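What follows is the content of start.cif, which has mmCIF, C-alpha atoms:
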data_upload
#
loop_
_atom_site.label_atom_id
_atom_site.label_comp_id
_atom_site.auth_asym_id
_atom_site.auth_seq_id
_atom_site.Cartn_x
_atom_site.Cartn_y
_atom_site.Cartn_z
CA MET A 30 -0.72 -16.80 -39.53
CA ASP A 31 -1.17 -20.49 -38.88
CA ILE A 32 -1.32 -21.02 -35.09
CA CYS A 33 -2.53 -24.50 -34.14
CA GLU A 34 -2.44 -24.33 -30.34
CA ILE A 35 -2.06 -22.03 -27.33
CA ILE A 36 0.07 -23.08 -24.37
CA ALA A 37 -0.34 -21.22 -21.07
CA VAL A 38 2.98 -21.49 -19.22
CA TYR A 39 3.23 -20.07 -15.73
CA PHE A 40 5.04 -19.95 -12.40
CA SER A 41 2.37 -19.06 -9.87
CA PRO A 42 2.89 -19.89 -6.17
CA ALA A 43 -0.11 -17.87 -4.97
CA GLY A 44 -2.34 -18.69 -7.96
CA LYS A 45 -2.88 -15.11 -9.13
CA THR A 46 -0.42 -15.29 -12.03
CA LYS A 47 -2.04 -18.52 -13.19
CA ASP A 48 -5.45 -16.83 -13.31
CA VAL A 49 -4.17 -13.90 -15.38
CA CYS A 50 -2.24 -16.18 -17.73
CA LEU A 51 -5.28 -18.37 -18.35
CA ARG A 52 -7.60 -15.43 -19.00
CA ILE A 53 -5.25 -14.09 -21.67
CA ALA A 54 -4.58 -17.53 -23.15
CA ASN A 55 -8.29 -18.42 -23.18
CA ALA A 56 -9.10 -15.21 -25.03
CA CYS A 57 -6.41 -16.03 -27.61
CA ALA A 58 -7.63 -19.59 -28.01
CA HIS A 59 -11.26 -18.51 -28.36
CA ALA A 60 -10.44 -15.90 -31.00
CA LEU A 61 -8.20 -18.25 -32.98
CA GLN A 62 -10.46 -21.30 -32.46
CA VAL A 63 -7.57 -23.51 -31.38
CA PRO A 64 -7.06 -25.74 -28.30
CA LEU A 65 -5.51 -24.46 -25.09
CA TYR A 66 -3.02 -26.42 -23.01
CA GLU A 67 -1.41 -25.62 -19.64
CA ASP A 68 2.16 -26.00 -18.42
CA ASP A 69 2.44 -25.12 -14.74
CA PHE A 70 6.10 -25.17 -13.63
CA THR A 71 5.47 -23.91 -10.09
CA LEU A 72 5.93 -26.99 -7.93
CA PRO A 73 9.13 -29.02 -7.50
CA ALA A 74 7.73 -32.05 -9.34
CA THR A 75 7.30 -29.91 -12.48
CA HIS A 76 10.89 -28.69 -12.64
CA ALA A 77 12.96 -31.16 -10.62
CA GLU A 78 13.80 -33.45 -13.54
CA ASN A 79 14.94 -30.58 -15.78
CA THR A 80 12.86 -31.86 -18.70
CA ILE A 81 13.10 -29.35 -21.53
CA ARG A 82 9.84 -28.25 -23.15
CA THR A 83 10.29 -27.61 -26.88
CA TYR A 84 7.70 -25.73 -28.95
CA ASN A 85 7.30 -25.38 -32.71
CA SER A 86 6.56 -22.41 -34.94
CA LYS A 87 2.82 -23.14 -35.01
CA SER A 88 2.37 -22.75 -31.25
CA LEU A 89 1.66 -19.56 -29.33
CA VAL A 90 3.04 -19.59 -25.78
CA VAL A 91 1.57 -17.24 -23.16
CA PHE A 92 4.38 -17.19 -20.60
CA ALA A 93 3.58 -15.65 -17.21
CA VAL A 94 5.59 -14.94 -14.06
CA PRO A 95 5.03 -12.83 -10.94
CA THR A 96 7.26 -9.86 -10.13
CA TYR A 97 9.64 -10.38 -7.21
CA ALA A 98 11.86 -7.39 -6.39
CA GLY A 99 11.24 -6.00 -9.86
CA ARG A 100 12.32 -9.12 -11.74
CA ILE A 101 11.52 -12.76 -12.44
CA PRO A 102 11.69 -14.56 -9.06
CA ASN A 103 15.39 -15.35 -8.67
CA LYS A 104 14.80 -19.00 -7.77
CA ALA A 105 12.48 -19.44 -10.77
CA LEU A 106 14.83 -17.72 -13.23
CA PRO A 107 16.97 -20.85 -13.80
CA PHE A 108 13.80 -22.75 -14.76
CA VAL A 109 12.86 -20.05 -17.28
CA GLN A 110 16.38 -20.13 -18.69
CA THR A 111 16.80 -23.89 -19.01
CA LEU A 112 13.42 -25.63 -19.31
CA PHE A 113 11.88 -23.91 -22.33
CA LYS A 114 12.97 -23.86 -25.96
CA GLY A 115 11.29 -22.21 -28.93
CA ASN A 116 11.76 -22.62 -32.64
CA GLY A 117 10.65 -19.24 -33.85
CA THR A 118 7.65 -19.87 -31.59
CA LYS A 119 5.42 -16.84 -31.06
CA ALA A 120 5.22 -15.85 -27.39
CA VAL A 121 3.40 -13.39 -25.16
CA ALA A 122 5.34 -12.24 -22.09
CA VAL A 123 3.07 -11.66 -19.08
CA ALA A 124 3.97 -10.39 -15.62
CA THR A 125 1.83 -9.76 -12.58
CA PHE A 126 2.79 -7.26 -9.91
CA GLY A 127 1.45 -6.30 -6.51
CA ASN A 128 0.51 -2.65 -7.12
CA ARG A 129 4.05 -1.29 -6.65
CA SER A 130 5.77 -1.62 -10.05
CA TYR A 131 6.73 -4.29 -12.52
CA ASP A 132 10.15 -2.62 -12.93
CA ASN A 133 12.39 -4.81 -15.14
CA VAL A 134 10.40 -8.02 -15.20
CA LEU A 135 8.91 -7.62 -18.69
CA ALA A 136 12.22 -6.57 -20.20
CA GLU A 137 13.90 -9.52 -18.50
CA LEU A 138 11.24 -12.03 -19.56
CA CYS A 139 11.37 -10.77 -23.16
CA TYR A 140 15.16 -11.13 -23.07
CA GLU A 141 15.05 -14.69 -21.74
CA LEU A 142 12.34 -15.79 -24.17
CA THR A 143 14.15 -14.27 -27.13
CA LYS A 144 17.39 -15.94 -26.07
CA ALA A 145 15.50 -19.25 -25.99
CA GLN A 146 14.43 -18.68 -29.62
CA PHE A 147 10.91 -17.44 -29.01
CA CYS A 148 9.54 -14.48 -30.96
CA VAL A 149 7.78 -12.12 -28.55
CA VAL A 150 4.73 -10.55 -30.21
CA GLY A 151 3.06 -9.09 -27.13
CA ALA A 152 3.79 -8.27 -23.50
CA GLY A 153 1.68 -7.14 -20.60
CA ALA A 154 2.01 -6.31 -16.91
CA PHE A 155 -1.11 -6.67 -14.79
CA VAL A 156 -1.89 -5.61 -11.23
CA CYS A 157 -2.90 -8.22 -8.66
CA LYS A 158 -3.24 -8.18 -4.91
CA HIS A 159 0.19 -8.12 -3.33
CA SER A 160 1.15 -11.49 -1.90
CA PHE A 161 1.89 -10.21 1.60
CA ALA A 162 1.19 -6.46 1.82
CA ASN A 163 -2.30 -5.01 1.97
CA ILE A 164 -2.06 -3.15 -1.34
CA GLY A 165 -3.95 -3.83 -4.53
CA THR A 166 -6.42 -5.73 -2.39
CA ALA A 167 -9.33 -5.45 -4.85
CA ARG A 168 -7.26 -6.34 -7.89
CA PRO A 169 -7.87 -7.67 -10.39
CA ASN A 170 -11.26 -5.99 -10.58
CA GLU A 171 -13.80 -6.21 -13.42
CA ASN A 172 -11.94 -3.65 -15.51
CA ASP A 173 -8.66 -5.50 -15.02
CA ILE A 174 -10.23 -8.75 -16.14
CA GLU A 175 -11.68 -7.06 -19.22
CA GLU A 176 -8.24 -5.63 -20.03
CA GLN A 177 -6.64 -9.06 -19.72
CA GLN A 178 -9.23 -10.64 -21.99
CA GLN A 179 -9.01 -7.79 -24.49
CA PHE A 180 -5.24 -8.13 -24.56
CA GLY A 181 -5.60 -11.80 -25.45
CA ALA A 182 -8.09 -10.97 -28.19
CA ASP A 183 -5.78 -8.24 -29.52
CA VAL A 184 -2.86 -10.68 -29.69
CA ALA A 185 -5.04 -13.08 -31.67
CA SER A 186 -6.12 -10.30 -34.03
CA LEU A 187 -2.51 -9.29 -34.51
CA LEU A 188 -1.53 -12.82 -35.49
CA GLN A 189 -4.47 -13.06 -37.89
CA THR A 190 -4.00 -9.75 -39.68
CA GLN A 191 -0.35 -8.72 -39.59
CA ASP A 192 2.39 -9.82 -41.92
CA GLU A 193 5.12 -12.06 -40.47
CA THR A 194 7.77 -9.42 -41.19
CA ILE A 195 6.60 -7.15 -38.36
CA PHE A 196 7.89 -9.70 -35.85
CA THR A 197 11.51 -9.42 -36.93
CA ASN A 198 12.25 -6.55 -34.53
CA TYR A 199 12.25 -6.47 -30.74
CA LEU A 200 8.93 -5.66 -29.17
CA PRO A 201 9.33 -2.35 -27.30
CA VAL A 202 8.65 -2.63 -23.55
CA ARG A 203 9.41 -0.45 -20.54
CA ASP A 204 12.19 -0.97 -18.02
CA ALA A 205 12.45 0.12 -14.38
CA THR A 206 13.26 3.70 -15.45
CA LYS A 207 9.99 3.76 -17.44
CA LYS A 208 11.97 4.13 -20.67
CA ILE A 209 11.03 2.15 -23.74
CA VAL A 210 13.54 -0.63 -24.36
CA THR A 211 13.91 -1.63 -28.02
CA GLU A 212 16.81 -4.03 -27.62
CA TYR A 213 16.84 -6.59 -24.82
CA THR A 214 19.86 -7.01 -22.59
CA ALA A 215 20.49 -9.02 -19.44
CA VAL A 216 19.02 -7.43 -16.31
CA GLU A 217 21.45 -7.03 -13.42
CA HIS A 218 19.75 -5.27 -10.53
CA TYR A 219 16.89 -6.19 -8.23
CA TYR A 220 14.64 -3.69 -6.50
CA THR A 221 15.93 -2.96 -3.00
CA PRO A 222 13.15 -3.40 -0.42
CA LEU A 223 12.93 -0.60 2.11
CA GLY A 224 11.71 -0.43 5.68
CA VAL A 225 9.57 2.30 7.21
CA ASP A 226 12.78 4.17 8.07
CA GLY A 227 13.64 4.39 4.37
CA GLN A 228 16.66 2.13 4.77
CA PRO A 229 17.19 -1.23 3.03
CA ALA A 230 15.25 -4.01 4.74
CA LEU A 231 17.33 -7.18 4.91
CA PHE A 232 15.17 -10.26 5.29
CA LEU A 233 16.53 -12.83 2.85
CA LYS A 234 16.70 -15.44 5.61
CA ALA A 235 13.19 -14.78 6.91
CA LYS A 236 10.97 -17.87 6.99
CA PRO A 237 7.37 -18.52 8.00
CA ILE A 238 6.57 -19.54 11.55
CA THR A 239 3.81 -21.93 12.58
CA ASP A 240 1.40 -21.60 15.47
CA VAL A 241 1.36 -25.26 16.51
CA ALA A 242 -1.78 -24.67 18.55
CA LEU A 243 -3.66 -23.79 15.35
CA CYS A 244 -1.97 -26.19 12.92
CA ASP A 245 -3.98 -29.37 12.32
CA GLY A 246 -1.24 -31.12 10.36
CA CYS A 247 -3.10 -31.16 7.02
CA MET A 248 0.24 -30.71 5.19
CA GLU A 249 -1.29 -28.46 2.52
CA CYS A 250 1.54 -25.99 3.04
CA VAL A 251 4.05 -28.76 2.37
CA SER A 252 2.44 -29.59 -0.98
CA ARG A 253 2.11 -25.94 -2.04
CA CYS A 254 5.67 -24.74 -1.39
CA PRO A 255 7.31 -24.13 -4.81
CA MET A 256 10.77 -24.76 -3.38
CA GLY A 257 9.81 -27.91 -1.48
CA SER A 258 11.25 -26.25 1.60
CA ILE A 259 8.80 -27.32 4.30
CA ALA A 260 9.59 -30.57 6.06
CA LYS A 261 7.23 -33.38 5.07
CA ASP A 262 7.11 -34.77 8.60
CA ASN A 263 6.74 -31.41 10.38
CA PRO A 264 5.13 -28.34 8.75
CA ALA A 265 6.60 -26.11 11.46
CA ASN A 266 10.11 -26.93 10.19
CA VAL A 267 11.34 -25.00 7.11
CA PRO A 268 14.90 -26.21 6.43
CA GLY A 269 14.94 -25.09 2.79
CA ILE A 270 14.95 -21.75 0.98
CA CYS A 271 11.97 -19.41 1.42
CA ILE A 272 11.14 -17.06 -1.50
CA LYS A 273 8.46 -15.19 0.50
CA CYS A 274 5.75 -16.19 -1.97
CA HIS A 275 3.30 -16.71 0.91
CA ALA A 276 1.79 -19.79 -0.73
CA CYS A 277 1.89 -21.55 2.65
CA VAL A 278 0.31 -18.60 4.47
CA LEU A 279 -2.45 -18.16 1.91
CA CYS A 280 -3.40 -21.83 1.68
CA CYS A 281 -3.59 -22.42 5.44
CA THR A 282 -7.27 -22.54 6.40
CA ARG A 283 -6.30 -22.55 10.09
CA HIS A 284 -4.27 -19.31 9.74
CA ALA A 285 -1.38 -21.04 11.46
CA LYS A 286 1.35 -19.62 9.19
CA SER A 287 2.81 -16.12 9.44
CA PHE A 288 6.05 -14.13 9.36
CA ASP A 289 7.53 -12.42 12.40
CA ASP A 290 10.85 -11.17 10.99
CA ILE A 291 11.19 -7.50 12.02
CA ALA A 292 12.80 -6.32 8.78
CA PHE A 293 10.22 -8.16 6.70
CA LEU A 294 7.33 -6.64 8.65
CA SER A 295 8.91 -3.20 8.32
CA HIS A 296 9.03 -3.59 4.55
CA LYS A 297 5.42 -4.75 4.52
CA LYS A 298 4.42 -1.63 6.42
CA TYR A 299 6.48 0.56 4.07
CA LEU A 300 4.65 -0.86 1.06
CA GLU A 301 1.28 -0.28 2.70
CA GLN A 302 2.18 3.31 3.53
CA THR A 303 3.60 4.10 0.09
CA TYR A 304 1.67 2.21 -2.59
CA GLN A 305 -2.04 2.55 -1.91
CA GLN A 306 -2.67 4.51 -5.11
CA PRO A 307 -4.03 2.02 -7.68
CA ALA A 308 -1.40 1.12 -10.26
CA LYS A 309 -2.23 0.66 -13.93
CA ASN A 310 -1.87 -2.31 -16.21
CA GLU A 311 0.31 -1.83 -19.26
CA VAL A 312 0.38 -3.79 -22.51
CA PHE A 313 2.58 -3.79 -25.61
CA LEU A 314 1.91 -5.26 -29.04
CA ALA A 315 4.10 -5.69 -32.08
CA ALA A 316 3.16 -3.24 -34.84
CA ALA A 317 4.25 -2.29 -38.32
CA ASN A 318 6.04 0.64 -36.69
CA SER A 319 8.34 -1.21 -34.28
CA ASP A 320 8.69 1.87 -32.05
CA SER A 321 5.00 1.89 -31.14
CA ALA A 322 3.60 0.47 -27.93
CA LEU A 323 -0.02 0.25 -26.83
#
Take the structure in the file and give it back as structure tokens.
Amino acid sequence: MDICEIIAVYFSPAGKTKDVCLRIANACAHALQVPLYEDDFTLPATHAENTIRTYNSKSLVVFAVPTYAGRIPNKALPFVQTLFKGNGTKAVAVATFGNRSYDNVLAELCYELTKAQFCVVGAGAFVCKHSFANIGTARPNENDIEEQQQFGADVASLLQTQDETIFTNYLPVRDATKKIVTEYTAVEHYYTPLGVDGQPALFLKAKPITDVALCDGCMECVSRCPMGSIAKDNPANVPGICIKCHACVLCCTRHAKSFDDIAFLSHKKYLEQTYQQPAKNEVFLAAANSDSAL
């Protein structure tokens, strides 16, 4: 199969999804001996103008998103739906998740890519350190990195050795019930975050706070917010939407950013009490038997 370029496309506020995407894309590019390009649509400047990216049939797009409440981040979903257009373009759907579960994110990403006229030939969900809870703290480890690279090499091998006709069917992936999905449909439900009492934790309006005694006004948090929600003249002011990505918390070298919302902290504690067991990566590849998944 004649692939002339690899494009790594990713939404990655904390940087972990970017790393996974590039490892997979690099392995593909190395195996196919073609150039690799990046398309980072994380920051406001990359999606504010609503410029549509259109790809041709000779490109392979490795498209990666993090898992938020079991799905594509809700504020990033409109970008996925409107900014990218394939033309029978081969695509690899990639999701990262913070050691809890990837739930419906792969099924949803495959659905959105297929609707945008991409042909999904592979999909994978990979464990990373959770953005705010202390779970998956050592992930990705060496084995995870090897799995990511091997997945990229396997995708390349698939494209080199398999007949085009095997890509006419939907790639089987798992949904939140762990069942294999062989026909993509729109995903309706998000994971409901729980507190330590087992009840739903409601923290949609939670925003980061700033210890002004520690903040040195470097404005790195302002530049790293994917929603552009932190005031440019005062990093302690967050008038816009917060998606809890923790980009501002993680980038602050002064440790001036944190969350104090009670429901949010209860959910964090629930995750840490419940999901310490290391989760597994899972990958899927198109095959001559369309019901098979690796």
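Across the chains present, the PyMOL selection byres ((chain A and resi 190) around 12) applied to this file returns Met30, Asp31, Leu61, Asp183, Val184, Ala185, Ser186, Leu187, Leu188, Gln189, Gln191, Asp192, Glu193, Thr194, Ile195, Ala315, Ala316 and Ala317 of chain A.
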_Residues selected by the PyMOL selection byres ((chain A and resi 70-82) around 7), written as an MDAnalysis selection string_ = chainID A and resid 39:42 68:69 83:84 108 112:114 254:257
*Mind giving me the straight-line distance from CA of Asn133 in chain A to CA of Ala205 in chain A in Å, one decimal?*
5.0 Å
*asked:* With distances taken over only C-alpha atoms, which residue among A:Ala285, A:Leu200, A:Ala58, A:Leu314 lies nearest Ile238 in chain A?
replied: A:Ala285
Explicit residue set for the PyMOL selection byres ((chain A and resi 101) around 12), as a compact mmCIF listing (two decimals) with C-alpha atoms, in the coordinates of the input:
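Writing the result to expr-v8.txt gives the following:
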# COMPACT_ATOMS: atom_id res chain seq x y z
CA TYR A 39 3.23 -20.07 -15.73
CA PHE A 40 5.04 -19.95 -12.40
CA SER A 41 2.37 -19.06 -9.87
CA PHE A 92 4.38 -17.19 -20.60
CA ALA A 93 3.58 -15.65 -17.21
CA VAL A 94 5.59 -14.94 -14.06
CA PRO A 95 5.03 -12.83 -10.94
CA THR A 96 7.26 -9.86 -10.13
CA TYR A 97 9.64 -10.38 -7.21
CA ALA A 98 11.86 -7.39 -6.39
CA GLY A 99 11.24 -6.00 -9.86
CA ARG A 100 12.32 -9.12 -11.74
CA PRO A 102 11.69 -14.56 -9.06
CA ASN A 103 15.39 -15.35 -8.67
CA LYS A 104 14.80 -19.00 -7.77
CA ALA A 105 12.48 -19.44 -10.77
CA LEU A 106 14.83 -17.72 -13.23
CA PRO A 107 16.97 -20.85 -13.80
CA PHE A 108 13.80 -22.75 -14.76
CA VAL A 109 12.86 -20.05 -17.28
CA GLN A 110 16.38 -20.13 -18.69
CA ALA A 122 5.34 -12.24 -22.09
CA VAL A 123 3.07 -11.66 -19.08
CA ALA A 124 3.97 -10.39 -15.62
CA THR A 125 1.83 -9.76 -12.58
CA PHE A 126 2.79 -7.26 -9.91
CA TYR A 131 6.73 -4.29 -12.52
CA ASP A 132 10.15 -2.62 -12.93
CA ASN A 133 12.39 -4.81 -15.14
CA VAL A 134 10.40 -8.02 -15.20
CA LEU A 135 8.91 -7.62 -18.69
CA ALA A 136 12.22 -6.57 -20.20
CA GLU A 137 13.90 -9.52 -18.50
CA LEU A 138 11.24 -12.03 -19.56
CA CYS A 139 11.37 -10.77 -23.16
CA TYR A 140 15.16 -11.13 -23.07
CA GLU A 141 15.05 -14.69 -21.74
CA ALA A 215 20.49 -9.02 -19.44
CA VAL A 216 19.02 -7.43 -16.31
CA GLU A 217 21.45 -7.03 -13.42
CA HIS A 218 19.75 -5.27 -10.53
CA TYR A 219 16.89 -6.19 -8.23
CA TYR A 220 14.64 -3.69 -6.50
CA ILE A 272 11.14 -17.06 -1.50
